[in-house]
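A.B. asks: Structure file model_3.cif, mmCIF, C-alpha atoms, is pasted below:
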```cif
data_input
#
loop_
_atom_site.group_PDB
_atom_site.id
_atom_site.type_symbol
_atom_site.label_atom_id
_atom_site.label_comp_id
_atom_site.auth_asym_id
_atom_site.auth_seq_id
_atom_site.Cartn_x
_atom_site.Cartn_y
_atom_site.Cartn_z
ATOM 1 C CA MET A 1 -65.846 35.686 74.021
ATOM 2 C CA ASP A 2 -62.146 36.062 74.233
ATOM 3 C CA GLY A 3 -59.927 38.747 72.822
ATOM 4 C CA TRP A 4 -56.499 40.085 73.452
ATOM 5 C CA CYS A 5 -54.624 42.362 75.739
ATOM 6 C CA ARG A 6 -50.992 41.543 75.509
ATOM 7 C CA GLY A 7 -47.695 43.221 75.625
ATOM 8 C CA ILE A 8 -44.898 43.598 78.112
ATOM 9 C CA GLY A 9 -41.925 45.634 79.036
ATOM 10 C CA GLY A 10 -43.347 49.077 78.617
ATOM 11 C CA GLY A 11 -46.785 47.721 78.990
ATOM 12 C CA ALA A 12 -49.005 47.229 76.023
ATOM 13 C CA GLU A 13 -52.477 46.178 75.404
ATOM 14 C CA PHE A 14 -54.213 45.091 72.244
ATOM 15 C CA TRP A 15 -57.896 44.349 71.923
ATOM 16 C CA GLY A 16 -59.247 42.339 69.064
ATOM 17 C CA CYS A 17 -62.781 42.094 67.830
ATOM 18 C CA ARG A 18 -63.979 38.690 66.804
ATOM 19 C CA GLY A 19 -66.702 40.214 64.682
ATOM 20 C CA ARG A 20 -69.546 38.603 66.601
ATOM 21 C CA ARG A 21 -72.615 40.579 67.516
ATOM 22 C CA ARG A 22 -74.693 40.870 70.644
ATOM 23 C CA GLY A 23 -78.171 42.164 70.202
ATOM 24 C CA GLY A 24 -77.281 43.590 66.818
ATOM 25 C CA CYS A 25 -74.274 45.490 68.247
ATOM 26 C CA SER A 26 -70.937 45.263 66.489
ATOM 27 C CA ALA A 27 -69.018 46.300 69.599
ATOM 28 C CA CYS A 28 -68.048 42.760 70.499
ATOM 29 C CA TRP A 29 -64.408 43.042 71.429
ATOM 30 C CA LEU A 30 -62.717 41.740 74.512
ATOM 31 C CA PRO A 31 -59.207 42.235 75.876
ATOM 32 C CA THR A 32 -56.993 39.448 77.054
ATOM 33 C CA GLY A 33 -53.473 38.823 77.918
ATOM 34 C CA GLU A 34 -50.898 41.289 78.715
ATOM 35 C CA THR A 35 -47.828 40.426 80.650
ATOM 36 C CA GLY A 36 -46.675 42.065 83.729
ATOM 37 C CA ALA A 37 -45.406 41.982 87.219
ATOM 38 C CA LEU A 38 -44.612 44.102 90.191
ATOM 39 C CA PRO A 39 -41.773 46.542 89.590
ATOM 40 C CA PRO A 40 -38.252 47.251 90.666
ATOM 41 C CA GLN A 41 -35.086 45.350 91.256
ATOM 42 C CA HIS A 42 -35.573 45.149 95.022
ATOM 43 C CA CYS A 43 -39.241 44.230 94.634
ATOM 44 C CA ARG A 44 -40.488 41.140 92.844
ATOM 45 C CA ALA A 45 -40.581 40.457 89.158
ATOM 46 C CA PRO A 46 -43.216 42.529 87.228
ATOM 47 C CA ARG A 47 -46.797 41.619 87.397
ATOM 48 C CA ARG A 48 -47.168 41.727 83.704
ATOM 49 C CA MET A 49 -46.794 37.967 83.573
ATOM 50 C CA LEU A 50 -50.497 37.722 84.408
ATOM 51 C CA PRO A 51 -51.839 38.917 81.074
ATOM 52 C CA SER A 52 -49.424 37.234 78.707
ATOM 53 C CA ALA A 53 -50.876 34.043 80.030
ATOM 54 C CA LEU A 54 -54.449 35.160 79.308
ATOM 55 C CA PRO A 55 -54.244 34.236 75.624
ATOM 56 C CA ARG A 56 -54.199 30.666 76.914
ATOM 57 C CA SER A 57 -57.971 30.702 76.343
ATOM 58 C CA ASP A 58 -57.271 31.200 72.653
ATOM 59 C CA LEU A 59 -54.642 28.466 72.792
ATOM 60 C CA ARG A 60 -57.028 26.069 74.526
ATOM 61 C CA GLN A 61 -59.697 26.838 71.956
ATOM 62 C CA MET A 62 -57.330 26.147 69.064
ATOM 63 C CA LEU A 63 -56.116 22.891 70.598
ATOM 64 C CA ALA A 64 -59.628 21.737 71.527
ATOM 65 C CA THR A 65 -61.306 22.576 68.225
ATOM 66 C CA LYS A 66 -58.223 22.155 66.012
ATOM 67 C CA SER A 67 -59.440 25.321 64.346
ATOM 68 C CA VAL A 68 -58.600 29.036 64.301
ATOM 69 C CA GLU A 69 -62.151 30.139 63.618
ATOM 70 C CA ASN A 70 -63.105 33.408 65.365
ATOM 71 C CA ILE A 71 -59.495 33.979 66.461
ATOM 72 C CA GLN A 72 -57.613 36.918 65.002
ATOM 73 C CA PHE A 73 -53.984 36.509 64.031
ATOM 74 C CA LEU A 74 -52.885 40.153 63.917
ATOM 75 C CA PRO A 75 -52.841 40.641 67.725
ATOM 76 C CA PHE A 76 -50.401 37.750 68.074
ATOM 77 C CA LEU A 77 -48.050 39.378 65.588
ATOM 78 C CA THR A 78 -48.241 42.904 66.945
ATOM 79 C CA THR A 79 -47.792 41.739 70.532
ATOM 80 C CA ASP A 80 -44.820 39.583 69.568
ATOM 81 C CA ALA A 81 -43.280 42.580 67.794
ATOM 82 C CA ASN A 82 -43.922 44.703 70.880
ATOM 83 C CA ASN A 83 -42.314 42.097 73.156
ATOM 84 C CA LEU A 84 -39.272 41.812 70.904
ATOM 85 C CA SER A 85 -38.894 45.594 70.754
ATOM 86 C CA TRP A 86 -38.946 45.905 74.545
ATOM 87 C CA LEU A 87 -36.615 42.910 74.815
ATOM 88 C CA GLY A 88 -34.117 44.791 72.661
ATOM 89 C CA TYR A 89 -34.575 47.872 74.824
ATOM 90 C CA GLY A 90 -33.982 45.855 77.976
ATOM 91 C CA CYS A 91 -30.854 44.230 76.543
ATOM 92 C CA LEU A 92 -29.483 47.568 75.406
ATOM 93 C CA LYS A 93 -30.169 49.123 78.795
ATOM 94 C CA GLY A 94 -29.151 46.070 80.793
ATOM 95 C CA ASP A 95 -32.472 45.914 82.661
ATOM 96 C CA GLY A 96 -32.985 42.355 83.841
ATOM 97 C CA THR A 97 -36.650 42.921 84.722
ATOM 98 C CA VAL A 98 -37.599 44.130 81.254
ATOM 99 C CA ILE A 99 -35.486 41.397 79.640
ATOM 100 C CA THR A 100 -37.038 38.555 81.659
ATOM 101 C CA VAL A 101 -40.662 39.635 81.262
ATOM 102 C CA ASN A 102 -40.424 40.329 77.542
ATOM 103 C CA ALA A 103 -38.394 37.211 76.773
ATOM 104 C CA ILE A 104 -41.132 35.057 78.332
ATOM 105 C CA GLY A 105 -43.837 37.115 76.612
ATOM 106 C CA ALA A 106 -42.153 36.811 73.215
ATOM 107 C CA ALA A 107 -41.759 33.047 73.706
ATOM 108 C CA LEU A 108 -45.457 32.674 74.560
ATOM 109 C CA GLN A 109 -46.573 34.798 71.616
ATOM 110 C CA THR A 110 -44.312 32.807 69.301
ATOM 111 C CA LEU A 111 -45.942 29.619 70.603
ATOM 112 C CA TYR A 112 -49.406 31.039 69.851
ATOM 113 C CA ILE A 113 -48.246 32.008 66.346
ATOM 114 C CA LEU A 114 -46.906 28.514 65.650
ATOM 115 C CA VAL A 115 -50.100 26.848 66.900
ATOM 116 C CA TYR A 116 -52.204 29.259 64.821
ATOM 117 C CA LEU A 117 -50.076 28.510 61.751
ATOM 118 C CA TYR A 118 -50.419 24.759 62.330
ATOM 119 C CA TYR A 119 -54.233 24.812 62.527
ATOM 120 C CA SER A 120 -54.837 27.547 59.971
ATOM 121 C CA PRO A 121 -56.360 26.221 56.728
ATOM 122 C CA ALA A 122 -54.861 29.134 54.772
ATOM 123 C CA LYS A 123 -51.215 28.828 55.726
ATOM 124 C CA ARG A 124 -49.777 30.973 52.954
ATOM 125 C CA PRO A 125 -51.207 34.344 54.146
ATOM 126 C CA VAL A 126 -50.274 33.536 57.748
ATOM 127 C CA LEU A 127 -46.761 32.542 56.765
ATOM 128 C CA LEU A 128 -46.362 35.714 54.719
ATOM 129 C CA GLN A 129 -47.352 37.803 57.740
ATOM 130 C CA VAL A 130 -44.848 35.928 59.908
ATOM 131 C CA LEU A 131 -42.109 36.505 57.343
ATOM 132 C CA LEU A 132 -43.077 40.178 57.208
ATOM 133 C CA LEU A 133 -42.733 40.375 60.989
ATOM 134 C CA LEU A 134 -39.304 38.757 60.813
ATOM 135 C CA ALA A 135 -38.278 41.182 58.080
ATOM 136 C CA VAL A 136 -39.405 44.141 60.199
ATOM 137 C CA VAL A 137 -37.526 42.815 63.243
ATOM 138 C CA VAL A 138 -34.329 42.200 61.244
ATOM 139 C CA THR A 139 -34.616 45.618 59.584
ATOM 140 C CA GLY A 140 -35.145 47.281 62.944
ATOM 141 C CA CYS A 141 -32.154 45.506 64.466
ATOM 142 C CA GLY A 142 -30.019 46.533 61.515
ATOM 143 C CA TYR A 143 -31.196 50.125 61.705
ATOM 144 C CA PHE A 144 -30.596 50.561 65.428
ATOM 145 C CA THR A 145 -27.304 48.641 65.304
ATOM 146 C CA ILE A 146 -25.701 50.107 62.182
ATOM 147 C CA LEU A 147 -27.311 53.449 61.358
ATOM 148 C CA VAL A 148 -28.058 54.864 64.815
ATOM 149 C CA ASP A 149 -25.180 56.347 66.769
ATOM 150 C CA THR A 150 -24.243 54.412 69.906
ATOM 151 C CA GLY A 151 -24.834 57.419 72.130
ATOM 152 C CA THR A 152 -28.422 57.909 70.961
ATOM 153 C CA ARG A 153 -29.355 54.282 70.280
ATOM 154 C CA LEU A 154 -31.127 53.724 73.592
ATOM 155 C CA THR A 155 -33.096 56.965 73.195
ATOM 156 C CA HIS A 156 -34.234 56.129 69.657
ATOM 157 C CA LEU A 157 -35.241 52.579 70.576
ATOM 158 C CA GLY A 158 -37.034 53.731 73.722
ATOM 159 C CA LEU A 159 -38.986 56.310 71.732
ATOM 160 C CA PHE A 160 -39.967 53.707 69.146
ATOM 161 C CA CYS A 161 -41.115 51.238 71.822
ATOM 162 C CA SER A 162 -43.086 53.948 73.612
ATOM 163 C CA ILE A 163 -44.946 55.038 70.480
ATOM 164 C CA PHE A 164 -45.700 51.422 69.553
ATOM 165 C CA THR A 165 -47.012 50.666 73.046
ATOM 166 C CA ILE A 166 -49.133 53.816 73.252
ATOM 167 C CA SER A 167 -50.737 53.032 69.886
ATOM 168 C CA MET A 168 -51.655 49.552 71.149
ATOM 169 C CA TYR A 169 -53.197 50.973 74.310
ATOM 170 C CA LEU A 170 -55.242 53.587 72.429
ATOM 171 C CA SER A 171 -56.348 51.319 69.586
ATOM 172 C CA PRO A 172 -59.638 50.230 71.274
ATOM 173 C CA LEU A 173 -60.947 53.742 71.922
ATOM 174 C CA ALA A 174 -63.152 53.630 68.834
ATOM 175 C CA ASP A 175 -64.678 50.381 70.107
ATOM 176 C CA LEU A 176 -65.367 51.972 73.488
ATOM 177 C CA ALA A 177 -67.599 54.436 71.684
ATOM 178 C CA LYS A 178 -69.525 51.485 70.251
ATOM 179 C CA VAL A 179 -70.010 50.093 73.747
ATOM 180 C CA VAL A 180 -71.484 53.423 74.794
ATOM 181 C CA ARG A 181 -73.839 53.389 71.818
ATOM 182 C CA CYS A 182 -74.933 49.819 72.565
ATOM 183 C CA LYS A 183 -75.214 50.562 76.303
ATOM 184 C CA SER A 184 -73.849 47.108 77.106
ATOM 185 C CA THR A 185 -70.681 45.854 78.836
ATOM 186 C CA ARG A 186 -71.360 42.159 78.319
ATOM 187 C CA CYS A 187 -68.461 42.022 75.867
ATOM 188 C CA LEU A 188 -65.987 43.507 78.376
ATOM 189 C CA SER A 189 -63.891 41.453 80.770
ATOM 190 C CA PHE A 190 -63.919 42.879 84.292
ATOM 191 C CA PRO A 191 -61.083 40.643 85.622
ATOM 192 C CA LEU A 192 -58.938 41.644 82.660
ATOM 193 C CA THR A 193 -59.677 45.313 83.289
ATOM 194 C CA VAL A 194 -58.425 44.895 86.855
ATOM 195 C CA THR A 195 -55.329 43.047 85.634
ATOM 196 C CA THR A 196 -54.582 45.719 83.045
ATOM 197 C CA LEU A 197 -54.856 48.458 85.649
ATOM 198 C CA VAL A 198 -52.536 46.626 88.052
ATOM 199 C CA ALA A 199 -49.983 45.843 85.331
ATOM 200 C CA SER A 200 -49.997 49.367 83.883
ATOM 201 C CA SER A 201 -49.731 50.925 87.337
ATOM 202 C CA SER A 202 -46.873 48.587 88.267
ATOM 203 C CA TRP A 203 -44.873 49.443 85.165
ATOM 204 C CA THR A 204 -45.581 53.144 85.627
ATOM 205 C CA LEU A 205 -44.207 53.004 89.172
ATOM 206 C CA TYR A 206 -41.260 50.962 87.928
ATOM 207 C CA GLY A 207 -40.460 53.575 85.301
ATOM 208 C CA LEU A 208 -40.808 56.384 87.831
ATOM 209 C CA GLN A 209 -38.403 54.672 90.204
ATOM 210 C CA LEU A 210 -35.851 54.246 87.419
ATOM 211 C CA HIS A 211 -36.547 57.769 86.098
ATOM 212 C CA ASP A 212 -37.185 56.154 82.701
ATOM 213 C CA PRO A 213 -39.864 58.049 80.748
ATOM 214 C CA TYR A 214 -39.877 55.407 78.016
ATOM 215 C CA ILE A 215 -41.311 52.896 80.488
ATOM 216 C CA THR A 216 -43.448 55.331 82.469
ATOM 217 C CA VAL A 217 -45.219 57.318 79.742
ATOM 218 C CA PRO A 218 -46.483 54.407 77.568
ATOM 219 C CA ASN A 219 -48.228 52.786 80.519
ATOM 220 C CA VAL A 220 -50.239 55.851 81.496
ATOM 221 C CA PRO A 221 -52.756 55.252 78.642
ATOM 222 C CA GLY A 222 -53.250 51.735 80.040
ATOM 223 C CA ILE A 223 -54.301 53.228 83.360
ATOM 224 C CA VAL A 224 -56.585 55.728 81.632
ATOM 225 C CA THR A 225 -58.295 53.139 79.408
ATOM 226 C CA SER A 226 -58.786 50.841 82.411
ATOM 227 C CA LEU A 227 -60.448 53.651 84.375
ATOM 228 C CA VAL A 228 -62.678 54.363 81.372
ATOM 229 C CA ARG A 229 -63.751 50.730 81.323
ATOM 230 C CA PHE A 230 -64.464 50.815 85.070
ATOM 231 C CA TRP A 231 -66.674 53.821 84.386
ATOM 232 C CA LEU A 232 -68.456 51.870 81.650
ATOM 233 C CA PHE A 233 -69.021 48.958 84.037
ATOM 234 C CA GLN A 234 -70.511 51.401 86.547
ATOM 235 C CA LYS A 235 -72.675 53.179 83.996
ATOM 236 C CA TYR A 236 -73.889 50.086 82.137
ATOM 237 C CA ARG A 237 -74.216 47.437 84.823
ATOM 238 C CA PRO A 238 -74.645 43.822 83.674
ATOM 239 C CA GLU A 239 -78.193 43.687 85.055
ATOM 240 C CA GLN A 240 -79.085 46.490 82.665
ATOM 241 C CA ASP A 241 -78.340 44.186 79.745
ATOM 242 C CA LYS A 242 -81.774 42.752 79.119
ATOM 243 C CA PRO A 243 -82.054 39.862 76.688
ATOM 244 C CA TYR A 244 -84.402 40.300 73.794
ATOM 245 C CA SER A 245 -87.717 38.543 74.302
ATOM 246 C CA PRO A 246 -89.641 37.192 71.301
ATOM 247 C CA LEU A 247 -92.612 39.190 70.175
ATOM 248 C CA PRO A 248 -95.982 37.661 71.056
ATOM 249 C CA ALA A 249 -97.632 35.862 68.193
#
```
Could you rewrite the structure in this file as structure tokens?
C.D. replies:
Amino acid sequence: MDGWCRGIGGGAEFWGCRGRRRGGCSACWLPTGETGALPPQHCRAPRRMLPSALPRSDLRQMLATKSVENIQFLPFLTTDANNLSWLGYGCLKGDGTVITVNAIGAALQTLYILVYLYYSPAKRPVLLQVLLLLAVVVTGCGYFTILVDTGTRLTHLGLFCSIFTISMYLSPLADLAKVVRCKSTRCLSFPLTVTTLVASSSWTLYGLQLHDPYITVPNVPGIVTSLVRFWLFQKYRPEQDKPYSPLPA
């Protein structure tokens, strides 16, 4: 199974559930892409590029099957909105690192949206959601450009991006409880958990170096959720997941 874990700039992660079941458990969600890279100006470019590329599995599936079955559309939209928000923050602040990472992330998410729209049999609902996203982006740009005072614009936008990112990081907590109830981690991606931890830690250090709480604070939940998943991997090891054997006749 594939899922999602995407988002850049301040660091964001979104997990989607495909609705499949393992052993009667409805906790079948799996994170994927989130973009990132190693921090600061005199380091390299953030490591968050790694996850934004992870949705390529979804892209490959859509191109191979020419279908969007079992692929959720909402994570593409929310991650694109998150990328665009952080892109605006980076432009307003003049931070080349945040601008570069989120520009690439937004371009990738837009590509996924276009491919999804092309192969979706019900194009009208998808198109309406895309138009809604555009309306939200335009409204947000208008609000922060016209209604918000220049002196507080960066603060307001940073606060908005931080809240949005934190909500994306914390969104899977309810599903983690399902994993505990099912006592199975087969639906979790260990490599993605490592990537999320590295990306979140990198952006946290980047924010600390710049003394920017709007970059630092939103990525802390990413570190926490990654550590929780490591604990789940330790507590419910893969070998503990025993397949169901048919009852003797």
A.B. asks: Identify, on the basis of only C-alpha atoms, every residue whose closest approach to Val220 in chain A does not exceed 12 Å; exclude the query and any residue fewer than 4 positions from it along the same chain; express the result as a VMD selection string.
C.D. replies: chain A and resid 10 to 13 162 165 to 167 169 to 170 196 to 205 207 to 208 213 to 216 224 to 227
A.B. asks: At what distance in Å, to one decimal, does CA of Thr100 in chain A lie from CA of Ile71 in chain A?
C.D. replies: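 Between CA of Ile71 in chain A and CA of Thr100 in chain A the gap is 27.5 Å.
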A.B. asks: Name the residues that the PyMOL selection byres ((chain A and resi 116) around 9) pulls out of this structure, and write them as a list in words.
C.D. replies: Leu59, Met62, Ser67, Val68, Ile71, Phe73, Leu111, Tyr112, Ile113, Leu114, Val115, Leu117, Tyr118, Tyr119, Ser120 and Val126 of chain A
A.B. asks: Write out the residues from the selection above, keeping C-alpha atoms, as a short mmCIF file (atom, residue, chain, number, x, y, z; two decimals), in the coordinates of the input.
C.D. replies:
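Saved file out-v7.cif follows:
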```cif
data_model
loop_
_atom_site.label_atom_id
_atom_site.label_comp_id
_atom_site.auth_asym_id
_atom_site.auth_seq_id
_atom_site.Cartn_x
_atom_site.Cartn_y
_atom_site.Cartn_z
CA LEU A 59 -54.64 28.47 72.79
CA MET A 62 -57.33 26.15 69.06
CA SER A 67 -59.44 25.32 64.35
CA VAL A 68 -58.60 29.04 64.30
CA ILE A 71 -59.50 33.98 66.46
CA PHE A 73 -53.98 36.51 64.03
CA LEU A 111 -45.94 29.62 70.60
CA TYR A 112 -49.41 31.04 69.85
CA ILE A 113 -48.25 32.01 66.35
CA LEU A 114 -46.91 28.51 65.65
CA VAL A 115 -50.10 26.85 66.90
CA LEU A 117 -50.08 28.51 61.75
CA TYR A 118 -50.42 24.76 62.33
CA TYR A 119 -54.23 24.81 62.53
CA SER A 120 -54.84 27.55 59.97
CA VAL A 126 -50.27 33.54 57.75
#
```
A.B. asks: Neighbours of Ala106 in chain A within 10 Å (only C-alpha atoms; same-chain residues fewer than 6 positions away dropped), as a list in words?
C.D. replies: Gly7, Ile8, Ser52, Phe76, Leu77, Thr79, Asp80, Ala81, Asn82, Asn83, Leu84, Ser85, Trp86, Leu87 and Tyr112 of chain A
A.B. asks: Let me see the file: selected residues, C-alpha atoms, as a compact mmCIF listing (two decimals), in the coordinates of the input.
C.D. replies:
```
# COMPACT_ATOMS: atom_id res chain seq x y z
CA GLY A 7 -47.70 43.22 75.62
CA ILE A 8 -44.90 43.60 78.11
CA SER A 52 -49.42 37.23 78.71
CA PHE A 76 -50.40 37.75 68.07
CA LEU A 77 -48.05 39.38 65.59
CA THR A 79 -47.79 41.74 70.53
CA ASP A 80 -44.82 39.58 69.57
CA ALA A 81 -43.28 42.58 67.79
CA ASN A 82 -43.92 44.70 70.88
CA ASN A 83 -42.31 42.10 73.16
CA LEU A 84 -39.27 41.81 70.90
CA SER A 85 -38.89 45.59 70.75
CA TRP A 86 -38.95 45.90 74.54
CA LEU A 87 -36.62 42.91 74.82
CA TYR A 112 -49.41 31.04 69.85
```
A.B. asks: Go through A:Val180, A:Asp212, A:Pro218, A:Thr195 and flag the residue nearest Phe233 in chain A, using all atoms listed in the file for the distances.
C.D. replies: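 Among the listed residues, the smallest separation from Phe233 in chain A belongs to A:Val180.
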A.B. asks: Which distance in Å separates CA of Lys183 in chain A and CA of Tyr236 in chain A, to one decimal?
C.D. replies: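 Interatomic distance, CA of Lys183 in chain A to CA of Tyr236 in chain A: 6.0 Å.
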A.B. asks: Pick the closest to Tyr89 in chain A from A:Val217, A:Leu188, A:Ala64, A:Leu154: which is it, counting all atoms listed in the file?
C.D. replies: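 The shortest atom-to-atom distance to Tyr89 in chain A comes from A:Leu154.
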A.B. asks: Just to confirm, what's the straight-line distance from CA of Ser189 in chain A to CA of Phe230 in chain A in Å (one decimal)?
C.D. replies: 10.3 Å
A.B. asks: Counting all atoms listed in the file, figure out which residue out of A:Lys93, A:Arg186, A:Arg124, A:Arg181 gets nearest to Thr152 in chain A.
C.D. replies: A:Lys93
A.B. asks: Which one is closest to Gly88 in chain A: A:Pro75, A:Asn219, A:Cys141, A:Cys182? Count all atoms listed in the file.
C.D. replies: A:Cys141
A.B. asks: Listed atoms of range 95-111 of chain A, axis-aligned box, 3 Å per side: centre and edge lengths to one decimal in Å, as JSON?
C.D. replies:
```
{"center_x": -39.5, "center_y": 37.8, "center_z": 77.0, "size_x": 20.1, "size_y": 22.3, "size_z": 21.4}
```
